[in-house]
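The data block below is my_file32.cif; it holds mmCIF, C-alpha atoms and all ligand atoms.
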data_upload
#
loop_
_atom_site.label_atom_id
_atom_site.label_comp_id
_atom_site.auth_asym_id
_atom_site.auth_seq_id
_atom_site.Cartn_x
_atom_site.Cartn_y
_atom_site.Cartn_z
CA MET C 1 69.72 90.26 97.67
CA ARG C 2 68.94 93.96 97.82
CA ILE C 3 71.51 96.71 97.46
CA GLY C 4 71.04 100.42 98.05
CA VAL C 5 73.01 102.59 95.64
CA LEU C 6 73.66 106.02 97.08
CA ASN C 7 74.96 109.04 95.20
CA GLY C 8 75.78 112.31 96.90
CA PRO C 9 75.86 115.98 95.92
CA ASN C 10 76.42 117.08 92.33
CA LEU C 11 76.41 113.56 90.92
CA ASN C 12 73.08 114.42 89.27
CA LEU C 13 75.23 116.49 86.91
CA LEU C 14 77.36 113.60 85.68
CA GLY C 15 77.85 113.68 81.94
CA ARG C 16 78.49 117.42 81.82
CA ARG C 17 80.27 117.99 85.13
CA GLU C 18 84.09 118.11 84.92
CA PRO C 19 84.36 115.21 82.44
CA ASP C 20 88.14 115.06 82.86
CA HIS C 21 87.54 113.87 86.41
CA TYR C 22 84.22 112.10 86.15
CA GLY C 23 83.91 110.89 82.57
CA THR C 24 81.03 111.50 80.18
CA GLN C 25 78.39 109.04 81.31
CA THR C 26 75.30 110.36 83.03
CA LEU C 27 74.08 109.00 86.33
CA ALA C 28 71.09 107.45 84.52
CA GLU C 29 73.48 105.65 82.16
CA ILE C 30 75.57 104.38 85.07
CA GLU C 31 72.45 103.19 86.86
CA ALA C 32 71.33 101.34 83.73
CA LEU C 33 74.72 99.60 83.54
CA LEU C 34 74.38 98.60 87.19
CA VAL C 35 70.87 97.22 86.68
CA GLU C 36 72.08 95.14 83.75
CA ARG C 37 75.01 93.79 85.79
CA ALA C 38 72.86 93.18 88.88
CA GLU C 39 70.40 91.04 86.92
CA ALA C 40 73.13 88.48 86.33
CA SER C 41 73.57 88.22 90.11
CA ALA C 42 69.86 88.32 90.90
CA ALA C 43 70.53 91.45 92.91
CA GLU C 44 67.86 94.11 93.22
CA LEU C 45 69.04 97.70 93.28
CA THR C 46 67.44 100.72 94.91
CA PHE C 47 68.85 104.06 93.79
CA PHE C 48 69.01 107.41 95.54
CA GLN C 49 70.77 110.65 94.72
CA SER C 50 70.49 113.88 96.63
CA ASN C 51 72.35 117.13 97.05
CA ASP C 52 71.06 117.35 100.62
CA GLU C 53 72.94 115.71 103.47
CA GLY C 54 69.85 115.42 105.66
CA ASP C 55 67.85 113.73 102.91
CA ILE C 56 70.67 111.24 102.42
CA VAL C 57 70.81 110.41 106.13
CA ASP C 58 67.01 110.00 106.13
CA TRP C 59 67.21 107.65 103.12
CA VAL C 60 69.88 105.49 104.75
CA GLN C 61 67.81 105.25 107.93
CA ALA C 62 64.61 104.45 106.02
CA ASN C 63 66.24 101.73 103.91
CA ALA C 64 68.63 100.09 106.36
CA ASP C 65 66.26 97.24 107.15
CA LEU C 66 65.37 96.78 103.48
CA VAL C 67 68.83 96.25 102.03
CA ASP C 68 71.66 93.77 102.51
CA GLY C 69 74.39 96.25 101.66
CA TRP C 70 75.21 99.63 100.17
CA LEU C 71 77.17 100.88 97.17
CA VAL C 72 78.15 104.44 98.10
CA ASN C 73 79.54 107.37 96.18
CA ALA C 74 79.05 110.06 98.79
CA ALA C 75 80.81 112.65 96.57
CA ALA C 76 81.86 115.70 98.60
CA LEU C 77 80.18 114.29 101.73
CA THR C 78 82.90 111.62 101.68
CA HIS C 79 85.31 114.21 103.00
CA THR C 80 83.05 116.07 105.42
CA SER C 81 80.07 114.15 106.73
CA VAL C 82 80.16 112.64 110.19
CA ALA C 83 76.38 112.42 109.88
CA LEU C 84 76.57 110.09 106.87
CA ARG C 85 79.34 108.07 108.49
CA ASP C 86 77.16 107.60 111.57
CA ALA C 87 74.11 106.71 109.47
CA LEU C 88 76.02 104.01 107.57
CA ALA C 89 77.56 102.66 110.76
CA GLY C 90 74.14 102.64 112.40
CA SER C 91 72.63 100.75 109.48
CA ASP C 92 74.79 97.75 110.35
CA ARG C 93 75.02 96.86 106.67
CA PRO C 94 78.28 96.41 104.75
CA PHE C 95 79.14 98.97 102.11
CA VAL C 96 81.62 99.51 99.32
CA GLU C 97 82.82 103.08 98.78
CA VAL C 98 83.29 104.08 95.15
CA HIS C 99 84.60 107.16 93.37
CA LEU C 100 84.71 107.93 89.68
CA SER C 101 87.98 109.80 90.03
CA ASN C 102 91.14 108.73 91.82
CA ILE C 103 90.66 110.92 94.88
CA PHE C 104 94.24 110.21 95.99
CA ALA C 105 95.63 111.82 92.85
CA ARG C 106 93.69 115.04 93.43
CA GLU C 107 93.65 117.89 95.97
CA PRO C 108 94.82 116.95 99.47
CA PHE C 109 91.37 117.54 101.01
CA ARG C 110 90.04 114.69 98.87
CA HIS C 111 92.59 112.24 100.28
CA THR C 112 90.65 111.97 103.52
CA SER C 113 87.47 109.93 103.63
CA LEU C 114 85.29 109.75 106.72
CA LEU C 115 83.82 106.52 105.35
CA SER C 116 86.73 104.36 104.21
CA ASP C 117 87.60 102.74 107.52
CA LEU C 118 84.01 101.52 107.83
CA ALA C 119 83.79 100.32 104.23
CA ILE C 120 84.53 96.72 103.30
CA GLY C 121 86.56 98.18 100.45
CA VAL C 122 87.16 101.28 98.35
CA ILE C 123 87.33 101.58 94.55
CA ALA C 124 88.40 104.86 92.97
CA GLY C 125 89.58 106.12 89.62
CA PHE C 126 87.85 103.94 87.05
CA ARG C 127 85.11 106.41 86.12
CA ALA C 128 81.78 104.63 85.63
CA SER C 129 83.46 101.25 85.94
CA SER C 130 84.20 102.00 89.61
CA TYR C 131 80.51 101.37 90.26
CA LEU C 132 80.56 98.07 88.35
CA PHE C 133 83.66 96.86 90.18
CA GLY C 134 82.13 97.98 93.47
CA LEU C 135 78.90 96.13 92.77
CA GLU C 136 80.80 92.98 91.83
CA ALA C 137 82.86 93.15 95.02
CA LEU C 138 79.84 93.79 97.24
CA VAL C 139 77.82 90.96 95.67
CA ARG C 140 80.70 88.55 96.11
CA VAL C 141 81.02 89.43 99.79
CA LEU C 142 77.26 89.25 100.38
CA GLN C 143 77.17 85.85 98.69
CA GLY C 144 80.03 84.64 100.85
CA ARG C 145 82.22 84.20 97.77
CA GLY C 146 84.62 87.04 98.40
CA GLU C 147 86.82 88.13 101.21
CA ALA C 148 86.48 91.55 102.71
CA GLY C 149 89.00 93.74 104.41
CA ALA C 150 88.39 95.46 107.70
CA GLY C 151 84.95 96.96 108.00
CA LYS C 152 81.36 96.25 108.84
CA ALA C 153 81.28 92.94 106.99
CA GLU C 154 83.65 91.32 109.48
C1 LIG C 201 83.84 111.90 93.80
C2 LIG C 201 85.10 112.55 94.36
C3 LIG C 201 84.75 113.63 95.36
O1 LIG C 201 85.93 114.22 95.89
C4 LIG C 201 83.93 114.72 94.69
O2 LIG C 201 83.53 115.69 95.64
C5 LIG C 201 82.77 114.19 93.96
C6 LIG C 201 82.88 112.93 93.22
C7 LIG C 201 84.17 110.90 92.68
O3 LIG C 201 83.28 110.10 92.36
O4 LIG C 201 85.25 110.92 92.12
O5 LIG C 201 81.73 114.84 93.86
O6 LIG C 201 83.19 111.18 94.84
#
As a first step, turn the structure in this file into structure tokens.
Amino acid sequence: MRIGVLNGPNLNLLGRREPDHYGTQTLAEIEALLVERAEASAAELTFFQSNDEGDIVDWVQANADLVDGWLVNAAALTHTSVALRDALAGSDRPFVEVHLSNIFAREPFRHTSLLSDLAIGVIAGFRASSYLFGLEALVRVLQGRGEAGAGKAE
């Protein structure tokens, strides 16, 4: 099973960026935790982070046929990007949307996600653990062990 792990703008700064919202772990540390967890499920992870919307769309397109599903923290693009929404929809692969912070407890503009209705599920607010919970949920669905809500997995 192969999973593409996508991180959007400014997540390269994790560890020193607004730790009250995003915690203190770096993206490299989070990725290492995911690799460790994925090994137990025999899942292979491919990581990508970019601050550029076009590069992210290109990466989704280039990897769609290579992965079974996506773990996505689109960061600010969550709230703005029709292009990323269309790329994920076009990939025809299920994805779990994750956020370090609880976006629903923050500014109103963060309460809207252009991705959530396509996602098989959304996990927000658990800092780095959001990724681990998201991976677990996605693996369970891909293995046919978990149920998914509305979204591309149905
Ligand atoms: C975020 C929440 C977004 O609103 C924000 O723009 C981010 C990170 C999160 O993980 O909590 O960059 O996706």
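Relative to atom CA of C:Leu114, atom CA of C:Arg93 is found at 16.5 Å.
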* Would you mind listing what lies within 10 Å of C:Thr80 as an NGL selection string, with only C-alpha atoms counted and same-chain residues fewer than 2 positions away left out? => :C and (74-78 or 82-85 or 109-110 or 112-115)
* Mind listing the residues within 8 Å of ligand LIG 201 (chain C), all atoms listed in the file counted, as a PyMOL selection string? -> chain C and resi 8-11+21-22+73-79+98-103+110+124-125+127
With C-alpha atoms kept, could you save the residues just selected as an mmCIF file, in the frame of the given file?
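And here is the file that came out, part.cif:
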data_model
loop_
_atom_site.group_PDB
_atom_site.id
_atom_site.type_symbol
_atom_site.label_atom_id
_atom_site.label_comp_id
_atom_site.auth_asym_id
_atom_site.auth_seq_id
_atom_site.Cartn_x
_atom_site.Cartn_y
_atom_site.Cartn_z
ATOM 1 C CA GLY C 8 75.780 112.310 96.900
ATOM 2 C CA PRO C 9 75.860 115.980 95.920
ATOM 3 C CA ASN C 10 76.420 117.080 92.330
ATOM 4 C CA LEU C 11 76.410 113.560 90.920
ATOM 5 C CA HIS C 21 87.540 113.870 86.410
ATOM 6 C CA TYR C 22 84.220 112.100 86.150
ATOM 7 C CA ASN C 73 79.540 107.370 96.180
ATOM 8 C CA ALA C 74 79.050 110.060 98.790
ATOM 9 C CA ALA C 75 80.810 112.650 96.570
ATOM 10 C CA ALA C 76 81.860 115.700 98.600
ATOM 11 C CA LEU C 77 80.180 114.290 101.730
ATOM 12 C CA THR C 78 82.900 111.620 101.680
ATOM 13 C CA HIS C 79 85.310 114.210 103.000
ATOM 14 C CA VAL C 98 83.290 104.080 95.150
ATOM 15 C CA HIS C 99 84.600 107.160 93.370
ATOM 16 C CA LEU C 100 84.710 107.930 89.680
ATOM 17 C CA SER C 101 87.980 109.800 90.030
ATOM 18 C CA ASN C 102 91.140 108.730 91.820
ATOM 19 C CA ILE C 103 90.660 110.920 94.880
ATOM 20 C CA ARG C 110 90.040 114.690 98.870
ATOM 21 C CA ALA C 124 88.400 104.860 92.970
ATOM 22 C CA GLY C 125 89.580 106.120 89.620
ATOM 23 C CA ARG C 127 85.110 106.410 86.120
#
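Between C:Ala40 and the candidates C:Leu135, C:Ala28, C:Leu71, C:Ala64, the tightest atom-to-atom separation, counting only C-alpha atoms, involves C:Leu135.
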Excluding C:Ser50 and its own-chain neighbours fewer than 2 positions away, which residues fall within 7 Å of it when counting all atoms listed in the file? Please give them as a short mmCIF file (atom, residue, chain, number, x, y, z; two decimals) with C-alpha atoms, in the frame of the given file.
data_model
loop_
_atom_site.label_atom_id
_atom_site.label_comp_id
_atom_site.auth_asym_id
_atom_site.auth_seq_id
_atom_site.Cartn_x
_atom_site.Cartn_y
_atom_site.Cartn_z
CA ASN C 7 74.96 109.04 95.20
CA GLY C 8 75.78 112.31 96.90
CA PRO C 9 75.86 115.98 95.92
CA PHE C 48 69.01 107.41 95.54
CA ASP C 52 71.06 117.35 100.62
CA ASP C 55 67.85 113.73 102.91
CA ILE C 56 70.67 111.24 102.42
#
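Rounded to one decimal, atom CA of C:Glu36 and atom CA of C:Trp70 lie 17.3 Å from each other.
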* atom CA of C:Ser129 and atom CA of C:Gln61 are how many Å apart? ->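 Pair atom CA of C:Ser129 / atom CA of C:Gln61 returns 27.3 Å.
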* What's the 10 Å shell around C:Leu142, counting only C-alpha atoms, without same-chain residues fewer than 4 positions away, as JSON, numbers by chain? -> {"C": [1, 2, 3, 68, 69, 94, 136, 137, 138, 146, 147, 148, 153]}
* Asked: Could you list as number ranges by chain every residue that has an atom within 12 Å of (70.7, 99.3, 85.4), using the file's coordinates and counting all atoms listed in the file?
  -> C: 5, 27-40, 43-47, 131-132, 135
Please produce a file of those selected residues containing C-alpha atoms, as a short mmCIF file (atom, residue, chain, number, x, y, z; two decimals), in the coordinates of the input.
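Printed below is part03.cif as written:
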data_model
loop_
_atom_site.label_atom_id
_atom_site.label_comp_id
_atom_site.auth_asym_id
_atom_site.auth_seq_id
_atom_site.Cartn_x
_atom_site.Cartn_y
_atom_site.Cartn_z
CA VAL C 5 73.01 102.59 95.64
CA LEU C 27 74.08 109.00 86.33
CA ALA C 28 71.09 107.45 84.52
CA GLU C 29 73.48 105.65 82.16
CA ILE C 30 75.57 104.38 85.07
CA GLU C 31 72.45 103.19 86.86
CA ALA C 32 71.33 101.34 83.73
CA LEU C 33 74.72 99.60 83.54
CA LEU C 34 74.38 98.60 87.19
CA VAL C 35 70.87 97.22 86.68
CA GLU C 36 72.08 95.14 83.75
CA ARG C 37 75.01 93.79 85.79
CA ALA C 38 72.86 93.18 88.88
CA GLU C 39 70.40 91.04 86.92
CA ALA C 40 73.13 88.48 86.33
CA ALA C 43 70.53 91.45 92.91
CA GLU C 44 67.86 94.11 93.22
CA LEU C 45 69.04 97.70 93.28
CA THR C 46 67.44 100.72 94.91
CA PHE C 47 68.85 104.06 93.79
CA TYR C 131 80.51 101.37 90.26
CA LEU C 132 80.56 98.07 88.35
CA LEU C 135 78.90 96.13 92.77
#
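Each of C:Asn51, C:Ser81, C:Ser41, C:Ser91 was checked against C:Asp65 using only C-alpha atoms; the smallest atom-to-atom distance is that of C:Ser91.
Nearest to C:Asp20 of all the residues C:Gly144, C:Trp59, C:Phe126, C:Gly4 is C:Phe126, counting only C-alpha atoms.
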